[in-house]
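One structure below.
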Amino acid sequence: MRISEGVEWGLHCCLTLAWIGDDEPVSAPRLATWFELPPAYLSKCLQALVRAGILSSTPGVRGGFRLARRPAEITVMDVVTAVEGPEYAFRCTEIRQQGPGVDPSAPEFRRPCAITAVMRRAELAWRRELAGQTLADLMSAAPPQAAERAQQRHRLLRG
């Protein structure tokens, strides 16, 4: 399974917004500068988080992004789903029912194959783990310097 870098970017931006607080929104270009990311792609990621209700956005020159909910109410899985979409990572195409001599109406094909079953169980375990971790959990697991660094960048780039 491969997760796009947008998930990492989204999580780091959410943590940064949580550490700097609600005083004022932070623009996508400013967040892109903090992490040296491409602004256009980061903007798309941030908009996906807005659509999912993870971030709120304020339009205009002094606009930007804030967390829409408390860090304890946003799970890692929420961010993954917002950026990657809700689809399963493994998509069974039932190739076992194809080819010469195969009768797709055979009783064995009425249930998912063992490959699909094991892949679903593994993905559900992965999703449960990510759903059990919130931004607040990540914040408490991070070194104290991470919050200080986010606040210092905020002050520095704010002018």
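A note on labels: chains of the structure tokens are A, B, ... as shown, every chain counts residues from 1, and ligands are counted from 1 in their shown order.
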- Task: Identify all residues of chain A in helix (DSSP H, G or I) (DSSP on the backbone) and supply them as number ranges by chain.
- Result: A: 5-20, 28-35, 39-51, 71-73, 76-84, 95-97, 107-110, 114-131, 135-141, 144-158
- Identify, on the basis of only C-alpha atoms, every residue whose closest approach to region 40-56 of chain A does not exceed 9 Å; exclude the query and any residue fewer than 5 positions from it along the same chain; express the result as a PyMOL selection string. chain A and resi 6-7+9-10+13-14+25+28-29+31-32+64-69+74+78-79+81-83
- Message: Considering only C-alpha atoms, can you say which of A:Thr16, A:Leu135, A:Arg70, A:Arg2 comes closest to Glu148 (chain A)?
- Response: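 Of A:Thr16, A:Leu135, A:Arg70, A:Arg2, the one nearest Glu148 (chain A), counting only C-alpha atoms, is A:Thr16.
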- Item | DSSP strand (DSSP E) residues within chain A, as JSON, numbers by chain | {"A": [55, 56, 57, 58, 64, 65, 66, 67]}
- Nearest to Arg155 (chain A) among A:Val26, A:Leu11, A:Ile95, A:Asp137, with distances taken over only C-alpha atoms: which residue is it?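 Checking each candidate against Arg155 (chain A), we get A:Val26 as the closest.
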- Message: Given only C-alpha atoms as the basis, pick out the residue of A:Thr134, A:Arg153, A:Arg158, A:Arg111 nearest to Trp34 (chain A).
- Response: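 Counting only C-alpha atoms, the residue closest to Trp34 (chain A) is A:Arg153.
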- Pick out the residues sitting within 10 Å of Glu24 (chain A), and hand them over as number ranges by chain; count only C-alpha atoms, and ignore anything fewer than 3 positions along from it in its own chain. A: 17, 20-21, 27, 58, 62-66
- Message: Please report the interatomic distance between CA of Glu108 (chain A) and CA of Thr93 (chain A) in Å with one decimal.
- Response: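 Distance between the two atoms: 15.6 Å.
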- Message: Nearest residue to Ala114 (chain A) out of A:Glu84, A:Met139, A:Gln98, A:Cys92, using only C-alpha atoms?
- Response: A:Cys92
- Residue neighbourhood Arg127 (chain A), 8 Å, only C-alpha atoms, exclusion window fewer than 4 positions, as a list in words: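 So, after excluding close chain neighbours, the residues are Met77, Glu123 and Ala131 of chain A.
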Output of the above residues as a PDB file, in the first residue's frame, restricted to N, CA and C atoms:
```pdb
ATOM      1  N   MET A  77      -7.066   8.862  10.705  1.00  0.00           N
ATOM      2  CA  MET A  77      -7.864   8.270   9.630  1.00  0.00           C
ATOM      3  C   MET A  77      -8.726   9.318   8.942  1.00  0.00           C
ATOM      4  N   GLU A 123      -6.549  -4.388   6.039  1.00  0.00           N
ATOM      5  CA  GLU A 123      -6.869  -2.966   5.880  1.00  0.00           C
ATOM      6  C   GLU A 123      -7.771  -2.470   7.008  1.00  0.00           C
ATOM      7  N   ALA A 131      -7.770   5.292  13.102  1.00  0.00           N
ATOM      8  CA  ALA A 131      -8.970   5.924  13.664  1.00  0.00           C
ATOM      9  C   ALA A 131      -8.853   6.076  15.185  1.00  0.00           C
TER      10      ALA A 131
END
```
